[in-house]
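Trainee: Below is one structure. I have some questions about it.
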Amino acid sequence: MNKILLVALAAIALFMGCSKKNNPSPSASLEGKWYITTDTAKVYTNNVLTQQDPESFDHSDYVQFNSNGTGIQLSGDASSNFTYSVKGNSVTLNYPKQTIDNTTIDAFSKTATFKATSSALYIYIEDTETDGSTTYRYTEATYFTNK
């Protein structure tokens, strides 16, 4: 589960924000401590939904984005450090090689879209892989609150 949560976070995506102004204002900052409330992962095989895994979280698992481009994710007793950069409504997360719950996870990066307000954060990630004639599409939507 921690590995899935890491990938989900790394997949931070779809920060959706609408503005009624002609010139949209910048999105709220990612900076701060965000508590994970729900996470839904889906797997599509050749465009057919083959797996859906919705999860709800108590108010203890979180991700912290620091102003210097570093962060930490805490899930249960496992923590993971990362660096990040933001461009528009996209965030790129860089995780170094780490050992979590006696499992070694190689370094990886993920780019996701996100939407943030002063009290909520939505991250969306989508990846596609092809193996022969089979195409796998993975999506993950994660919601956070800062309260």
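Lettering and numbering for the structure tokens are positional, with chains as A, B, ... in the shown order, residues counted from 1 in each chain, and ligands counted from 1 in the shown order.
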For Thr142 in chain A, list every protein, DNA or RNA residue within 7 Å, evaluated using only C-alpha atoms, and leave out those in the same chain fewer than 3 positions away; present the list as number ranges by chain.

Mentor: A: 38-40, 122-124

Trainee: With N, CA and C atoms retained, write the just-selected residues as a PDB file, in the first residue's frame.

Mentor:
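Contents of out.pdb, as written:
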```
ATOM      1  N   THR A  38      -8.904  10.732   0.182  1.00  0.00           N
ATOM      2  CA  THR A  38      -9.319   9.621  -0.676  1.00  0.00           C
ATOM      3  C   THR A  38      -8.342   9.459  -1.834  1.00  0.00           C
ATOM      4  N   ASP A  39      -8.279   8.239  -2.322  1.00  0.00           N
ATOM      5  CA  ASP A  39      -7.404   7.914  -3.440  1.00  0.00           C
ATOM      6  C   ASP A  39      -8.090   6.823  -4.254  1.00  0.00           C
ATOM      7  N   THR A  40      -8.235   7.054  -5.548  1.00  0.00           N
ATOM      8  CA  THR A  40      -8.844   6.045  -6.413  1.00  0.00           C
ATOM      9  C   THR A  40      -7.905   5.745  -7.568  1.00  0.00           C
ATOM     10  N   TYR A 122      -6.109  18.518  -5.177  1.00  0.00           N
ATOM     11  CA  TYR A 122      -6.484  17.379  -6.006  1.00  0.00           C
ATOM     12  C   TYR A 122      -5.313  17.094  -6.931  1.00  0.00           C
ATOM     13  N   ILE A 123      -4.878  15.850  -6.972  1.00  0.00           N
ATOM     14  CA  ILE A 123      -3.751  15.446  -7.813  1.00  0.00           C
ATOM     15  C   ILE A 123      -4.194  14.290  -8.709  1.00  0.00           C
ATOM     16  N   TYR A 124      -3.835  14.380  -9.973  1.00  0.00           N
ATOM     17  CA  TYR A 124      -4.236  13.350 -10.934  1.00  0.00           C
ATOM     18  C   TYR A 124      -3.023  12.913 -11.739  1.00  0.00           C
TER      19      TYR A 124
END
```

Trainee: DSSP says helix (DSSP H, G or I) for which residues of chain A? Put them as an mmCIF file with C-alpha atoms, in the first residue's frame?

Mentor:
```
data_model
loop_
_atom_site.group_PDB
_atom_site.id
_atom_site.type_symbol
_atom_site.label_atom_id
_atom_site.label_comp_id
_atom_site.auth_asym_id
_atom_site.auth_seq_id
_atom_site.Cartn_x
_atom_site.Cartn_y
_atom_site.Cartn_z
ATOM 1 C CA ASN A 2 2.854 2.386 0.773
ATOM 2 C CA LYS A 3 4.340 1.770 -2.665
ATOM 3 C CA ILE A 4 0.953 2.503 -4.261
ATOM 4 C CA LEU A 5 0.640 5.656 -2.178
ATOM 5 C CA LEU A 6 4.120 6.743 -3.266
ATOM 6 C CA VAL A 7 3.217 6.225 -6.885
ATOM 7 C CA ALA A 8 -0.047 8.048 -6.321
ATOM 8 C CA LEU A 9 1.708 10.996 -4.814
ATOM 9 C CA ALA A 10 4.375 10.889 -7.412
#
```

Trainee: Using only C-alpha atoms, which protein or nucleic acid residues come within 10 Å of Leu49 in chain A? Drop anything in the same chain fewer than 3 positions from it, and give the result as number ranges by chain.

Mentor: A: 42-46, 52, 136-138

Trainee: For N, CA and C atoms, I'd like the residues from the last selection saved as a compact mmCIF listing (two decimals), in the first residue's frame.

Mentor:
```txt
# COMPACT_ATOMS: atom_id res chain seq x y z
N LYS A 42 -7.23 3.34 -10.95
CA LYS A 42 -7.94 2.54 -11.95
C LYS A 42 -6.93 2.02 -12.97
N VAL A 43 -7.18 0.80 -13.43
CA VAL A 43 -6.36 0.19 -14.48
C VAL A 43 -7.29 -0.17 -15.63
N TYR A 44 -6.91 0.26 -16.82
CA TYR A 44 -7.64 -0.07 -18.04
C TYR A 44 -6.74 -0.95 -18.90
N THR A 45 -7.30 -2.03 -19.42
CA THR A 45 -6.59 -2.90 -20.35
C THR A 45 -7.29 -2.80 -21.69
N ASN A 46 -6.57 -2.30 -22.69
CA ASN A 46 -7.15 -2.05 -24.01
C ASN A 46 -8.45 -1.25 -23.89
N GLN A 52 -10.37 -1.33 -10.18
CA GLN A 52 -10.64 -0.05 -9.53
C GLN A 52 -10.41 -0.23 -8.05
N TYR A 136 -2.00 -0.82 -21.44
CA TYR A 136 -2.44 -0.63 -20.07
C TYR A 136 -2.42 0.86 -19.77
N ARG A 137 -3.53 1.36 -19.23
CA ARG A 137 -3.59 2.76 -18.81
C ARG A 137 -3.92 2.78 -17.33
N TYR A 138 -3.12 3.52 -16.58
CA TYR A 138 -3.26 3.62 -15.14
C TYR A 138 -3.60 5.06 -14.80
```

Trainee: Give me, as a ChimeraX atom specification, all polymer residues having an atom no more than 7 Å from Thr92 in chain A, counting only C-alpha atoms and skipping those fewer than 6 positions away in the same chain.

Mentor: /A:84-86,109-112

Trainee: What would the file look like if the residues just selected were written as a PDB file, in the first residue's frame with C-alpha atoms?

Mentor:
```pdb
ATOM      1  CA  TYR A  84       9.478  18.669  -6.571  1.00  0.00           C
ATOM      2  CA  SER A  85       9.104  21.426  -9.125  1.00  0.00           C
ATOM      3  CA  VAL A  86       5.970  23.179 -10.347  1.00  0.00           C
ATOM      4  CA  SER A 109      10.044  10.715 -11.221  1.00  0.00           C
ATOM      5  CA  LYS A 110       6.402  11.379 -12.007  1.00  0.00           C
ATOM      6  CA  THR A 111       4.658  14.379 -13.480  1.00  0.00           C
ATOM      7  CA  ALA A 112       1.072  15.035 -12.517  1.00  0.00           C
TER       8      ALA A 112
END
```

Trainee: Please compute the CA of Thr145 in chain A-CA of Ser119 in chain A distance, one decimal, in Å.

Mentor: 5.7 Å

Trainee: Rounded to one decimal, what separation in Å do you get between CA of His59 in chain A and CA of Ile72 in chain A?

Mentor: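 Atom-to-atom, CA of His59 in chain A and CA of Ile72 in chain A are spaced 16.0 Å apart.
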
Trainee: Find the residues near Ser80 in chain A: any atom within 8 Å, counting only C-alpha atoms, skip ones fewer than 5 places away on the same chain, and give them as a VMD selection string.

Mentor: chain A and resid 6 72 to 74 95 98 100

Trainee: Which residues in chain A does DSSP call strand (DSSP E)? List them as a PyMOL selection string.

Mentor: chain A and resi 32-45+48-56+62-65+70-75+78-87+90-95+98-100+103-105+108-116+120-131+134-145

Trainee: Selected residues, C-alpha atoms, written as a compact mmCIF listing (two decimals), in the first residue's frame, please.

Mentor:
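What ended up in again27.txt:
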```txt
# COMPACT_ATOMS: atom_id res chain seq x y z
CA GLY A 32 2.14 23.09 3.30
CA LYS A 33 0.95 19.89 4.93
CA TRP A 34 -1.83 18.08 3.05
CA TYR A 35 -3.73 15.17 4.61
CA ILE A 36 -4.79 12.42 2.20
CA THR A 37 -8.56 11.84 2.34
CA THR A 38 -9.32 9.62 -0.68
CA ASP A 39 -7.40 7.91 -3.44
CA THR A 40 -8.84 6.04 -6.41
CA ALA A 41 -6.61 4.03 -8.72
CA LYS A 42 -7.94 2.54 -11.95
CA VAL A 43 -6.36 0.19 -14.48
CA TYR A 44 -7.64 -0.07 -18.04
CA THR A 45 -6.59 -2.90 -20.35
CA VAL A 48 -11.62 -1.55 -20.68
CA LEU A 49 -11.70 -0.85 -16.93
CA THR A 50 -10.20 -3.97 -15.35
CA GLN A 51 -9.42 -2.80 -11.83
CA GLN A 52 -10.64 -0.05 -9.53
CA ASP A 53 -9.25 0.51 -6.07
CA PRO A 54 -10.89 3.32 -4.07
CA GLU A 55 -9.39 3.99 -0.64
CA SER A 56 -10.26 6.34 2.19
CA TYR A 62 -0.02 13.24 4.72
CA VAL A 63 2.34 14.85 2.27
CA GLN A 64 4.31 18.01 3.08
CA PHE A 65 5.54 20.36 0.35
CA THR A 70 11.65 19.36 -0.91
CA GLY A 71 8.95 17.29 0.70
CA ILE A 72 8.06 14.26 2.76
CA GLN A 73 5.22 11.78 2.58
CA LEU A 74 4.05 9.87 5.64
CA SER A 75 1.85 6.79 5.36
CA ALA A 78 6.61 4.68 6.55
CA SER A 79 7.99 7.98 5.33
CA SER A 80 9.46 8.97 1.99
CA ASN A 81 11.45 12.06 0.99
CA PHE A 82 11.18 13.73 -2.42
CA THR A 83 11.96 16.90 -4.33
CA TYR A 84 9.48 18.67 -6.57
CA SER A 85 9.10 21.43 -9.13
CA VAL A 86 5.97 23.18 -10.35
CA LYS A 87 5.23 24.57 -13.79
CA SER A 90 1.88 20.43 -13.37
CA VAL A 91 4.14 19.13 -10.65
CA THR A 92 7.11 16.85 -11.14
CA LEU A 93 8.03 14.71 -8.16
CA ASN A 94 11.48 13.14 -7.88
CA TYR A 95 11.90 10.28 -5.43
CA GLN A 98 14.64 4.47 -0.80
CA THR A 99 13.83 1.51 1.44
CA ILE A 100 10.29 1.55 2.81
CA THR A 103 11.25 -2.93 0.34
CA THR A 104 13.76 -1.10 -1.85
CA ILE A 105 12.17 1.26 -4.34
CA PHE A 108 11.72 7.53 -10.05
CA SER A 109 10.04 10.71 -11.22
CA LYS A 110 6.40 11.38 -12.01
CA THR A 111 4.66 14.38 -13.48
CA ALA A 112 1.07 15.04 -12.52
CA THR A 113 -1.52 17.73 -12.83
CA PHE A 114 -2.98 19.35 -9.75
CA LYS A 115 -5.53 21.82 -8.49
CA ALA A 116 -5.17 23.56 -5.16
CA ALA A 120 -8.01 21.40 -0.70
CA LEU A 121 -5.65 19.73 -3.14
CA TYR A 122 -6.48 17.38 -6.01
CA ILE A 123 -3.75 15.45 -7.81
CA TYR A 124 -4.24 13.35 -10.93
CA ILE A 125 -1.79 11.07 -12.68
CA GLU A 126 -2.09 9.00 -15.81
CA ASP A 127 0.43 6.54 -17.25
CA THR A 128 0.21 4.30 -20.30
CA GLU A 129 2.29 1.22 -21.13
CA THR A 130 2.14 -1.11 -24.10
CA ASP A 131 3.14 -4.76 -23.94
CA THR A 134 -1.97 -4.94 -25.00
CA THR A 135 -2.20 -1.34 -23.78
CA TYR A 136 -2.44 -0.63 -20.07
CA ARG A 137 -3.59 2.76 -18.81
CA TYR A 138 -3.26 3.62 -15.14
CA THR A 139 -5.02 6.60 -13.56
CA GLU A 140 -5.00 7.80 -10.00
CA ALA A 141 -6.94 10.63 -8.41
CA THR A 142 -5.95 11.71 -4.91
CA TYR A 143 -7.74 14.27 -2.74
CA PHE A 144 -6.15 16.09 0.18
CA THR A 145 -7.22 18.60 2.81
```

Trainee: Given the choices A:Ser29, A:Asn68, A:Asn89, A:Ser118, which gets closest to Lys147 in chain A if the distance is worked out from only C-alpha atoms?

Mentor: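 Closest residue, counting only C-alpha atoms: A:Ser118.
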